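Okay, run.tsv is below, TSV, C-alpha atoms:
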```
chain	number	residue	atom	x	y	z
A	16	MET	CA	213.79	-9.57	156.15
A	17	PHE	CA	210.39	-8.08	157.01
A	18	ALA	CA	208.91	-7.45	160.44
A	19	PHE	CA	205.24	-8.04	161.10
A	20	GLU	CA	203.10	-7.05	164.08
A	21	PRO	CA	199.92	-8.95	164.95
A	22	ILE	CA	196.70	-6.99	164.45
A	23	GLY	CA	194.84	-9.22	166.92
A	24	VAL	CA	194.56	-12.71	168.36
A	25	ILE	CA	192.42	-15.74	167.55
A	26	HIS	CA	190.59	-17.51	170.36
A	27	SER	CA	189.37	-21.06	169.80
A	28	PRO	CA	188.49	-24.22	171.74
A	29	PHE	CA	191.72	-25.84	170.54
A	30	THR	CA	194.61	-25.60	172.96
A	31	ASP	CA	196.49	-28.79	172.06
A	32	PRO	CA	198.40	-28.83	168.76
A	33	GLY	CA	197.84	-32.59	168.69
A	34	HIS	CA	194.05	-32.24	168.73
A	35	THR	CA	193.25	-29.38	166.40
A	36	PRO	CA	190.96	-30.37	163.52
A	37	ILE	CA	192.75	-31.13	160.28
A	38	GLN	CA	191.23	-28.89	157.64
A	39	PRO	CA	189.39	-31.47	155.50
A	40	PHE	CA	187.54	-32.72	158.54
A	41	ARG	CA	186.71	-29.26	159.77
A	42	SER	CA	184.84	-29.07	162.99
A	43	GLN	CA	181.78	-26.89	163.39
A	44	ALA	CA	183.70	-25.23	166.22
A	45	GLU	CA	183.21	-21.54	166.86
A	46	GLY	CA	186.00	-19.15	167.61
A	47	LEU	CA	186.50	-15.48	168.36
A	48	VAL	CA	188.78	-13.27	166.32
A	49	GLU	CA	189.79	-10.34	168.51
A	50	VAL	CA	191.13	-7.40	166.53
A	51	TRP	CA	193.04	-4.73	168.50
A	52	PRO	CA	190.82	-1.70	169.20
A	53	GLN	CA	192.90	0.72	167.11
A	54	TYR	CA	191.74	-1.16	163.97
A	55	LEU	CA	188.00	-0.98	164.74
A	56	ARG	CA	187.19	1.40	161.88
A	57	GLY	CA	188.85	-0.97	159.43
A	58	LEU	CA	186.17	-3.61	160.13
A	59	GLN	CA	183.29	-1.52	158.79
A	60	GLY	CA	181.48	-3.29	155.96
A	61	LEU	CA	182.87	-6.70	156.83
A	62	GLU	CA	179.44	-7.78	158.15
A	63	GLY	CA	178.20	-8.01	154.55
A	64	PHE	CA	180.54	-10.91	153.83
A	65	SER	CA	179.71	-14.47	154.79
A	66	HIS	CA	183.32	-15.71	154.84
A	67	LEU	CA	186.73	-14.33	155.71
A	68	LEU	CA	190.31	-15.17	154.94
A	69	LEU	CA	192.43	-15.20	158.09
A	70	LEU	CA	196.19	-14.90	157.72
A	71	TYR	CA	198.04	-15.87	160.86
A	72	LEU	CA	201.18	-17.28	162.34
A	73	PHE	CA	201.58	-20.97	163.22
A	74	HIS	CA	203.04	-19.78	166.52
A	75	LEU	CA	203.35	-23.21	168.17
A	76	SER	CA	205.12	-24.93	165.29
A	77	ALA	CA	208.46	-26.31	166.38
A	78	PRO	CA	211.37	-24.32	164.93
A	79	GLY	CA	212.65	-25.38	161.53
A	80	TYR	CA	210.93	-27.48	158.87
A	81	GLU	CA	211.39	-30.47	156.57
A	82	LEU	CA	211.05	-29.93	152.82
A	83	SER	CA	209.58	-33.40	152.39
A	84	VAL	CA	206.67	-34.40	154.63
A	85	THR	CA	204.20	-37.26	154.89
A	86	PRO	CA	200.79	-35.60	155.23
A	87	PHE	CA	198.18	-36.95	157.61
A	88	LEU	CA	195.97	-37.78	154.63
A	89	ASP	CA	198.59	-39.74	152.71
A	90	ASP	CA	201.18	-42.44	153.29
A	91	GLN	CA	203.72	-41.10	150.82
A	92	ALA	CA	206.13	-38.23	151.33
A	93	THR	CA	205.50	-35.13	149.27
A	94	GLY	CA	206.97	-31.65	148.98
A	95	LEU	CA	206.18	-29.28	151.83
A	96	PHE	CA	204.76	-26.61	149.49
A	97	ALA	CA	202.32	-29.16	148.04
A	98	THR	CA	200.78	-29.41	151.52
A	99	ARG	CA	199.14	-27.09	154.05
A	100	TYR	CA	201.49	-28.45	156.75
A	101	PRO	CA	202.03	-25.83	159.50
A	102	ARG	CA	205.79	-26.24	159.99
A	103	ARG	CA	207.12	-24.26	157.02
A	104	PRO	CA	209.35	-21.31	156.16
A	105	ASN	CA	207.74	-18.17	157.62
A	106	ASN	CA	205.09	-20.31	159.40
A	107	LEU	CA	202.25	-18.49	157.66
A	108	GLY	CA	198.78	-19.96	158.03
A	109	LEU	CA	195.65	-19.26	156.02
A	110	SER	CA	192.08	-20.34	156.76
A	111	VAL	CA	188.67	-19.54	155.34
A	112	VAL	CA	186.13	-19.19	158.15
A	113	GLN	CA	182.47	-18.25	158.27
A	114	LEU	CA	181.64	-14.86	159.79
A	115	LEU	CA	178.79	-15.40	162.25
A	116	ALA	CA	178.70	-11.97	163.89
A	117	LEU	CA	180.69	-8.77	164.13
A	118	GLU	CA	180.55	-7.42	167.69
A	119	GLY	CA	182.71	-4.34	168.08
A	120	CYS	CA	186.29	-5.48	167.63
A	121	CYS	CA	185.37	-9.17	167.95
A	122	LEU	CA	184.35	-11.43	165.11
A	123	ARG	CA	182.50	-14.62	165.98
A	124	VAL	CA	183.50	-17.16	163.37
A	125	GLY	CA	182.46	-20.71	162.52
A	126	GLY	CA	184.33	-23.70	161.11
A	127	ILE	CA	187.55	-22.74	162.81
A	128	ASP	CA	190.64	-24.98	162.68
A	129	ILE	CA	193.10	-22.68	164.41
A	130	LEU	CA	194.85	-23.00	167.77
A	131	ASP	CA	193.83	-20.78	170.68
A	132	GLY	CA	196.11	-17.77	171.09
A	133	THR	CA	197.20	-17.64	167.44
A	134	PRO	CA	198.52	-14.20	166.37
A	135	LEU	CA	196.39	-12.67	163.59
A	136	LEU	CA	198.37	-10.89	160.86
A	137	ASP	CA	195.63	-9.88	158.43
A	138	LEU	CA	192.02	-10.51	157.51
A	139	LYS	CA	190.43	-10.10	154.11
A	140	PRO	CA	186.96	-10.68	152.68
A	141	HIS	CA	186.56	-14.03	150.91
A	142	ILE	CA	185.49	-13.31	147.32
A	143	PRO	CA	184.62	-16.43	145.30
A	144	ARG	CA	185.29	-14.64	142.00
A	145	PHE	CA	188.94	-14.17	143.08
A	146	ASP	CA	189.44	-17.15	145.35
A	147	CYS	CA	187.52	-19.98	143.71
A	148	PRO	CA	188.60	-20.73	140.15
A	149	SER	CA	186.82	-23.42	138.18
A	150	GLY	CA	188.35	-26.55	136.69
A	151	THR	CA	190.57	-27.36	139.65
A	152	ARG	CA	192.77	-30.42	140.18
A	153	ILE	CA	194.11	-31.32	143.62
A	154	GLY	CA	197.00	-33.72	143.04
A	155	TRP	CA	197.75	-36.15	145.86
A	156	LEU	CA	194.58	-35.06	147.68
A	157	GLU	CA	192.30	-36.38	144.92
A	158	GLY	CA	189.73	-38.70	146.50
A	159	ARG	CA	190.96	-37.84	150.00
A	160	VAL	CA	188.96	-34.70	150.80
B	5	MET	CA	207.07	-8.71	166.15
B	6	PHE	CA	207.92	-11.48	163.70
B	7	ALA	CA	210.60	-11.52	161.04
B	8	PHE	CA	209.97	-13.12	157.66
B	9	GLU	CA	212.39	-13.94	154.87
B	10	PRO	CA	211.23	-14.25	151.26
B	11	ILE	CA	211.38	-17.78	149.82
B	12	GLY	CA	211.52	-16.43	146.27
B	13	VAL	CA	210.40	-13.66	143.96
B	14	ILE	CA	207.48	-13.19	141.57
B	15	HIS	CA	208.15	-12.01	138.02
B	16	SER	CA	205.29	-10.53	136.01
B	17	PRO	CA	204.65	-8.14	133.13
B	18	PHE	CA	203.41	-5.51	135.59
B	19	THR	CA	206.00	-2.95	136.61
B	20	ASP	CA	203.76	0.03	137.28
B	21	PRO	CA	201.62	-0.04	140.44
B	22	GLY	CA	199.12	2.19	138.61
B	23	HIS	CA	198.59	-0.36	135.84
B	24	THR	CA	198.40	-3.72	137.54
B	25	PRO	CA	195.12	-5.56	136.94
B	26	ILE	CA	192.58	-5.20	139.70
B	27	GLN	CA	191.61	-8.69	140.80
B	28	PRO	CA	188.02	-8.89	139.50
B	29	PHE	CA	189.19	-7.98	136.02
B	30	ARG	CA	192.07	-10.40	136.08
B	31	SER	CA	194.22	-10.43	133.03
B	32	GLN	CA	195.24	-13.64	131.38
B	33	ALA	CA	198.81	-12.53	131.98
B	34	GLU	CA	201.46	-15.13	132.70
B	35	GLY	CA	204.08	-14.77	135.36
B	36	LEU	CA	207.01	-16.70	136.75
B	37	VAL	CA	207.30	-17.60	140.41
B	38	GLU	CA	210.97	-18.17	141.18
B	39	VAL	CA	211.56	-20.11	144.37
B	40	TRP	CA	215.08	-20.02	145.81
B	41	PRO	CA	217.02	-23.20	144.93
B	42	GLN	CA	217.33	-24.39	148.52
B	43	TYR	CA	213.56	-25.03	148.56
B	44	LEU	CA	213.47	-27.15	145.39
B	45	ARG	CA	212.59	-30.39	147.18
B	46	GLY	CA	209.60	-28.68	148.80
B	47	LEU	CA	207.97	-28.24	145.38
B	48	GLN	CA	207.63	-31.96	144.70
B	49	GLY	CA	204.00	-32.95	144.10
B	50	LEU	CA	202.86	-29.41	143.38
B	51	GLU	CA	202.49	-30.27	139.67
B	52	GLY	CA	199.35	-32.26	140.51
B	53	PHE	CA	197.51	-29.12	141.54
B	54	SER	CA	195.89	-26.79	139.03
B	55	HIS	CA	195.91	-23.71	141.27
B	56	LEU	CA	198.14	-22.23	143.95
B	57	LEU	CA	197.79	-19.74	146.77
B	58	LEU	CA	200.61	-17.21	146.72
B	59	LEU	CA	201.32	-15.24	149.90
B	60	TYR	CA	203.50	-12.24	149.27
B	61	LEU	CA	204.41	-8.75	150.36
B	62	PHE	CA	202.91	-5.63	148.77
B	63	HIS	CA	206.44	-4.27	148.63
B	64	LEU	CA	205.67	-1.09	146.68
B	65	SER	CA	202.79	0.07	148.86
B	66	ALA	CA	203.48	3.49	150.30
B	67	PRO	CA	204.19	3.35	154.05
B	68	GLY	CA	201.21	3.57	156.39
B	69	TYR	CA	197.54	2.90	155.65
B	70	GLU	CA	194.06	4.35	156.04
B	71	LEU	CA	191.45	2.34	157.94
B	72	SER	CA	188.69	3.63	155.71
B	73	VAL	CA	189.16	3.40	151.95
B	74	THR	CA	187.09	3.94	148.82
B	75	PRO	CA	187.68	0.87	146.69
B	76	PHE	CA	188.12	1.11	142.94
B	77	LEU	CA	184.86	-0.83	142.50
B	78	ASP	CA	182.76	1.37	144.75
B	79	ASP	CA	182.08	5.04	145.34
B	80	GLN	CA	181.56	4.73	149.08
B	81	ALA	CA	184.19	4.44	151.77
B	82	THR	CA	184.39	1.10	153.58
B	83	GLY	CA	186.62	-0.49	156.19
B	84	LEU	CA	190.08	-1.49	155.01
B	85	PHE	CA	189.64	-5.11	156.18
B	86	ALA	CA	186.45	-5.42	154.09
B	87	THR	CA	188.63	-4.83	151.00
B	88	ARG	CA	191.65	-6.44	149.35
B	89	TYR	CA	193.35	-3.05	149.21
B	90	PRO	CA	197.17	-3.45	149.19
B	91	ARG	CA	198.07	-0.68	151.62
B	92	ARG	CA	197.31	-2.35	154.94
B	93	PRO	CA	198.93	-3.37	158.23
B	94	ASN	CA	201.62	-5.94	157.44
B	95	ASN	CA	201.13	-5.40	153.68
B	96	LEU	CA	200.33	-9.08	153.13
B	97	GLY	CA	198.98	-10.06	149.74
B	98	LEU	CA	197.22	-13.23	148.67
B	99	SER	CA	196.36	-14.40	145.16
B	100	VAL	CA	195.06	-17.59	143.62
B	101	VAL	CA	196.88	-18.31	140.35
B	102	GLN	CA	196.78	-21.16	137.86
B	103	LEU	CA	199.85	-23.41	137.75
B	104	LEU	CA	200.80	-23.84	134.09
B	105	ALA	CA	204.14	-25.62	134.50
B	106	LEU	CA	206.70	-26.51	137.13
B	107	GLU	CA	210.21	-26.18	135.70
B	108	GLY	CA	212.86	-26.79	138.33
B	109	CYS	CA	212.55	-23.98	140.84
B	110	CYS	CA	210.35	-21.90	138.55
B	111	LEU	CA	206.58	-22.06	138.37
B	112	ARG	CA	204.90	-20.66	135.29
B	113	VAL	CA	201.55	-19.30	136.42
B	114	GLY	CA	198.51	-17.81	134.70
B	115	GLY	CA	195.99	-15.15	135.70
B	116	ILE	CA	198.55	-13.18	137.64
B	117	ASP	CA	197.72	-9.79	139.18
B	118	ILE	CA	200.98	-9.19	141.05
B	119	LEU	CA	203.71	-6.60	140.49
B	120	ASP	CA	207.07	-7.64	139.05
B	121	GLY	CA	209.69	-8.17	141.75
B	122	THR	CA	207.23	-8.99	144.52
B	123	PRO	CA	208.80	-10.96	147.42
B	124	LEU	CA	207.19	-14.39	147.84
B	125	LEU	CA	206.60	-15.45	151.46
B	126	ASP	CA	204.81	-18.79	151.03
B	127	LEU	CA	202.96	-20.91	148.53
B	128	LYS	CA	200.29	-23.48	149.24
B	129	PRO	CA	198.12	-25.76	147.13
B	130	HIS	CA	194.63	-24.38	146.45
B	131	ILE	CA	192.11	-26.91	147.78
B	132	PRO	CA	188.47	-26.09	146.96
B	133	ARG	CA	187.21	-28.19	149.88
B	134	PHE	CA	189.08	-25.84	152.29
B	135	ASP	CA	189.08	-22.61	150.33
B	136	CYS	CA	185.68	-22.47	148.63
B	137	PRO	CA	182.75	-22.68	151.02
B	138	SER	CA	179.22	-22.69	149.65
B	139	GLY	CA	176.49	-20.16	150.40
B	140	THR	CA	178.70	-17.11	150.22
B	141	ARG	CA	177.71	-13.45	150.44
B	142	ILE	CA	180.07	-10.68	149.32
B	143	GLY	CA	178.75	-7.47	150.89
B	144	TRP	CA	179.54	-4.24	149.03
B	145	LEU	CA	180.95	-6.25	146.11
B	146	GLU	CA	177.56	-7.81	145.29
B	147	GLY	CA	176.79	-7.17	141.63
B	148	ARG	CA	180.23	-5.65	141.05
B	149	VAL	CA	182.37	-8.72	140.33
```
Show how you would write the structure in this file as structure tokens.
Amino acid sequence: MFAFEPIGVIHSPFTDPGHTPIQPFRSQAEGLVEVWPQYLRGLQGLEGFSHLLLLYLFHLSAPGYELSVTPFLDDQATGLFATRYPRRPNNLGLSVVQLLALEGCCLRVGGIDILDGTPLLDLKPHIPRFDCPSGTRIGWLEGRV
Amino acid sequence: MFAFEPIGVIHSPFTDPGHTPIQPFRSQAEGLVEVWPQYLRGLQGLEGFSHLLLLYLFHLSAPGYELSVTPFLDDQATGLFATRYPRRPNNLGLSVVQLLALEGCCLRVGGIDILDGTPLLDLKPHIPRFDCPSGTRIGWLEGRV
């Protein structure tokens, strides 16, 4: 068992879990990633990156999870870990967002698909050489995104 | 404060934190992601995907962190959150690996850069449409990876 403390909070226009954009149809919505002031120095140099990886908690997911789910983009059940479904063990979420501006401890970001008030656990620079392999296949999502 | 439980463990050839491949120079090493048996049904459909996102704990990182670090690939200090440095608040790690085979609860993966015995917290399918935006800039890493 490991204990994690948020390093900030994510603000977005999305307050209703039923009306948050599903990732493939990402909105152009802007959001604000507020990092707690004690981490300010850790943000230096981030402005050189166009995109960030946000790691966060799906804090409004109902407790528990099903190991077999029918994704929004499919009509057949599939394994939970073959989806990005939010209700999962550890409720960890991951999104790539565009960094629009770094203003003190606040990061204005674009293309956000995250609920307002979401606890931020980590942020990392998005590095295509690490994060974007070539020759990918996407299983049940083929032709759907 | 949030409590997380591992959903499995990552086996790899790398047992020495001083000799684990740095991401940009990824080895072709193979590893084995062992998911606890109770999650078996959640893996269904994963075999259709060529690449996975592994979320894990940097369990051998020394306690604490510095907000300003000098990355291996640079000679200038930069903010911790502008790096993928393992010693960080919440010690969360993220790697994209290639899925070579799904054998029961074990996933054979390629291109691994993770220490042997690392606790697995989540795995998700890698989906280029979500995870690989175009028009990226990579700050201090430009020309280095």
My list of candidates is B:Leu84, B:Leu57, B:Val39, B:Ile118. Which is closest to chain A when distances are computed with all atoms listed in the file? B:Leu84
Could you write out as an NGL selection string the residues of chain B within 6 Å of chain A, counting all atoms listed in the file? :B and (5-9 or 45-50 or 52-54 or 71-72 or 82-86 or 94 or 100 or 128-129 or 135-136 or 140-143)
Mind checking which residues fall within 8 Å of Ile25 in chain A, counting only C-alpha atoms, ignoring those fewer than 4 positions away in the same chain, and posting them as a list in words? Gly46, Leu47, Val48, Glu49, Ile129, Leu130, Asp131, Gly132, Thr133, Pro134 and Leu135 of chain A
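Rounded to one decimal, CA of Asp128 in chain A and CA of Leu103 in chain B lie 26.6 Å from each other.
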One-decimal distance in Å that lies between CA of Pro90 in chain B and CA of Cys120 in chain A: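 Atom-to-atom, CA of Cys120 in chain A to CA of Pro90 in chain B, that is 21.5 Å.
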List as a compact mmCIF listing (two decimals) with C-alpha atoms, keeping the file's coordinate frame the protein and nucleic acid residues near Glu45 in chain A, meaning an atom at most 9 Å away when all atoms listed in the file are counted, but skip any in the same chain fewer than 6 places from it.
```
# COMPACT_ATOMS: atom_id res chain seq x y z
CA SER A 27 189.37 -21.06 169.80
CA PRO A 28 188.49 -24.22 171.74
CA LEU A 115 178.79 -15.40 162.25
CA ARG A 123 182.50 -14.62 165.98
CA VAL A 124 183.50 -17.16 163.37
CA GLY A 125 182.46 -20.71 162.52
CA GLY A 126 184.33 -23.70 161.11
CA ILE A 127 187.55 -22.74 162.81
```
Let me have the centre and edge lengths of the axis-aligned box enclosing all listed atoms of range 114-129 of chain A with 5 Å padding on every side, in Å to one decimal, as AutoDock Vina command-line options.
```
--center_x 185.9 --center_y -14.7 --center_z 163.9 --size_x 24.4 --size_y 30.6 --size_z 18.3
```
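Going from CA of Leu75 in chain A over to CA of His63 in chain B, you cover 27.4 Å.
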Return range 11-22 of chain B, completed with all heavy atoms, as a PDB file, keeping the file's coordinate frame.
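Generated file (result_6.pdb):
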```pdb
ATOM      1  N   ILE B  11     210.937 -16.471 150.315  1.00  0.00           N
ATOM      2  CA  ILE B  11     211.380 -17.780 149.820  1.00  0.00           C
ATOM      3  C   ILE B  11     211.582 -17.733 148.306  1.00  0.00           C
ATOM      4  O   ILE B  11     211.933 -18.736 147.689  1.00  0.00           O
ATOM      5  CB  ILE B  11     210.394 -18.908 150.185  1.00  0.00           C
ATOM      6  CG1 ILE B  11     209.022 -18.668 149.525  1.00  0.00           C
ATOM      7  CG2 ILE B  11     210.253 -19.046 151.690  1.00  0.00           C
ATOM      8  CD1 ILE B  11     208.127 -19.902 149.525  1.00  0.00           C
ATOM      9  N   GLY B  12     211.351 -16.566 147.709  1.00  0.00           N
ATOM     10  CA  GLY B  12     211.520 -16.430 146.270  1.00  0.00           C
ATOM     11  C   GLY B  12     211.014 -15.077 145.823  1.00  0.00           C
ATOM     12  O   GLY B  12     210.780 -14.174 146.650  1.00  0.00           O
ATOM     13  N   VAL B  13     210.850 -14.938 144.517  1.00  0.00           N
ATOM     14  CA  VAL B  13     210.400 -13.660 143.960  1.00  0.00           C
ATOM     15  C   VAL B  13     209.435 -13.935 142.811  1.00  0.00           C
ATOM     16  O   VAL B  13     209.537 -14.969 142.139  1.00  0.00           O
ATOM     17  CB  VAL B  13     211.622 -12.814 143.505  1.00  0.00           C
ATOM     18  CG1 VAL B  13     212.364 -13.485 142.358  1.00  0.00           C
ATOM     19  CG2 VAL B  13     211.218 -11.399 143.105  1.00  0.00           C
ATOM     20  N   ILE B  14     208.488 -13.036 142.617  1.00  0.00           N
ATOM     21  CA  ILE B  14     207.480 -13.190 141.570  1.00  0.00           C
ATOM     22  C   ILE B  14     207.794 -12.243 140.415  1.00  0.00           C
ATOM     23  O   ILE B  14     207.966 -11.045 140.637  1.00  0.00           O
ATOM     24  CB  ILE B  14     206.069 -12.912 142.145  1.00  0.00           C
ATOM     25  CG1 ILE B  14     205.789 -13.873 143.314  1.00  0.00           C
ATOM     26  CG2 ILE B  14     205.005 -13.038 141.050  1.00  0.00           C
ATOM     27  CD1 ILE B  14     204.568 -13.523 144.144  1.00  0.00           C
ATOM     28  N   HIS B  15     207.924 -12.811 139.216  1.00  0.00           N
ATOM     29  CA  HIS B  15     208.150 -12.010 138.020  1.00  0.00           C
ATOM     30  C   HIS B  15     206.837 -11.909 137.251  1.00  0.00           C
ATOM     31  O   HIS B  15     206.123 -12.904 137.099  1.00  0.00           O
ATOM     32  CB  HIS B  15     209.205 -12.658 137.126  1.00  0.00           C
ATOM     33  CG  HIS B  15     210.501 -12.930 137.825  1.00  0.00           C
ATOM     34  ND1 HIS B  15     211.437 -11.942 138.063  1.00  0.00           N
ATOM     35  CD2 HIS B  15     211.012 -14.066 138.364  1.00  0.00           C
ATOM     36  CE1 HIS B  15     212.477 -12.468 138.704  1.00  0.00           C
ATOM     37  NE2 HIS B  15     212.243 -13.757 138.900  1.00  0.00           N
ATOM     38  N   SER B  16     206.533 -10.713 136.764  1.00  0.00           N
ATOM     39  CA  SER B  16     205.290 -10.530 136.010  1.00  0.00           C
ATOM     40  C   SER B  16     205.485  -9.405 135.012  1.00  0.00           C
ATOM     41  O   SER B  16     206.470  -8.668 135.074  1.00  0.00           O
ATOM     42  CB  SER B  16     204.139 -10.206 136.970  1.00  0.00           C
ATOM     43  OG  SER B  16     204.094  -8.818 137.220  1.00  0.00           O
ATOM     44  N   PRO B  17     204.528  -9.250 134.089  1.00  0.00           N
ATOM     45  CA  PRO B  17     204.650  -8.140 133.130  1.00  0.00           C
ATOM     46  C   PRO B  17     204.322  -6.791 133.753  1.00  0.00           C
ATOM     47  O   PRO B  17     204.440  -5.778 133.076  1.00  0.00           O
ATOM     48  CB  PRO B  17     203.591  -8.479 132.055  1.00  0.00           C
ATOM     49  CG  PRO B  17     203.075  -9.832 132.383  1.00  0.00           C
ATOM     50  CD  PRO B  17     203.379 -10.109 133.801  1.00  0.00           C
ATOM     51  N   PHE B  18     203.930  -6.761 135.016  1.00  0.00           N
ATOM     52  CA  PHE B  18     203.410  -5.510 135.590  1.00  0.00           C
ATOM     53  C   PHE B  18     204.473  -4.806 136.426  1.00  0.00           C
ATOM     54  O   PHE B  18     204.875  -5.289 137.486  1.00  0.00           O
ATOM     55  CB  PHE B  18     202.166  -5.799 136.435  1.00  0.00           C
ATOM     56  CG  PHE B  18     201.145  -6.579 135.671  1.00  0.00           C
ATOM     57  CD1 PHE B  18     200.827  -7.879 136.027  1.00  0.00           C
ATOM     58  CD2 PHE B  18     200.547  -6.031 134.548  1.00  0.00           C
ATOM     59  CE1 PHE B  18     199.914  -8.616 135.295  1.00  0.00           C
ATOM     60  CE2 PHE B  18     199.626  -6.765 133.804  1.00  0.00           C
ATOM     61  CZ  PHE B  18     199.320  -8.059 134.177  1.00  0.00           C
ATOM     62  N   THR B  19     204.933  -3.671 135.913  1.00  0.00           N
ATOM     63  CA  THR B  19     206.000  -2.950 136.610  1.00  0.00           C
ATOM     64  C   THR B  19     205.515  -1.630 137.179  1.00  0.00           C
ATOM     65  O   THR B  19     206.233  -0.980 137.919  1.00  0.00           O
ATOM     66  CB  THR B  19     207.167  -2.659 135.631  1.00  0.00           C
ATOM     67  OG1 THR B  19     206.642  -1.987 134.480  1.00  0.00           O
ATOM     68  CG2 THR B  19     207.820  -3.962 135.178  1.00  0.00           C
ATOM     69  N   ASP B  20     204.288  -1.261 136.855  1.00  0.00           N
ATOM     70  CA  ASP B  20     203.760   0.030 137.280  1.00  0.00           C
ATOM     71  C   ASP B  20     202.579  -0.204 138.218  1.00  0.00           C
ATOM     72  O   ASP B  20     201.543  -0.728 137.798  1.00  0.00           O
ATOM     73  CB  ASP B  20     203.317   0.812 136.041  1.00  0.00           C
ATOM     74  CG  ASP B  20     202.701   2.159 136.400  1.00  0.00           C
ATOM     75  OD1 ASP B  20     202.495   2.434 137.592  1.00  0.00           O
ATOM     76  OD2 ASP B  20     202.428   2.933 135.458  1.00  0.00           O
ATOM     77  N   PRO B  21     202.726   0.191 139.489  1.00  0.00           N
ATOM     78  CA  PRO B  21     201.620  -0.040 140.440  1.00  0.00           C
ATOM     79  C   PRO B  21     200.301   0.549 139.955  1.00  0.00           C
ATOM     80  O   PRO B  21     199.238   0.048 140.307  1.00  0.00           O
ATOM     81  CB  PRO B  21     202.094   0.685 141.708  1.00  0.00           C
ATOM     82  CG  PRO B  21     203.578   0.770 141.584  1.00  0.00           C
ATOM     83  CD  PRO B  21     203.887   0.845 140.113  1.00  0.00           C
ATOM     84  N   GLY B  22     200.352   1.573 139.101  1.00  0.00           N
ATOM     85  CA  GLY B  22     199.120   2.190 138.610  1.00  0.00           C
ATOM     86  C   GLY B  22     198.455   1.387 137.504  1.00  0.00           C
ATOM     87  O   GLY B  22     197.311   1.642 137.157  1.00  0.00           O
TER      88      GLY B  22
END
```
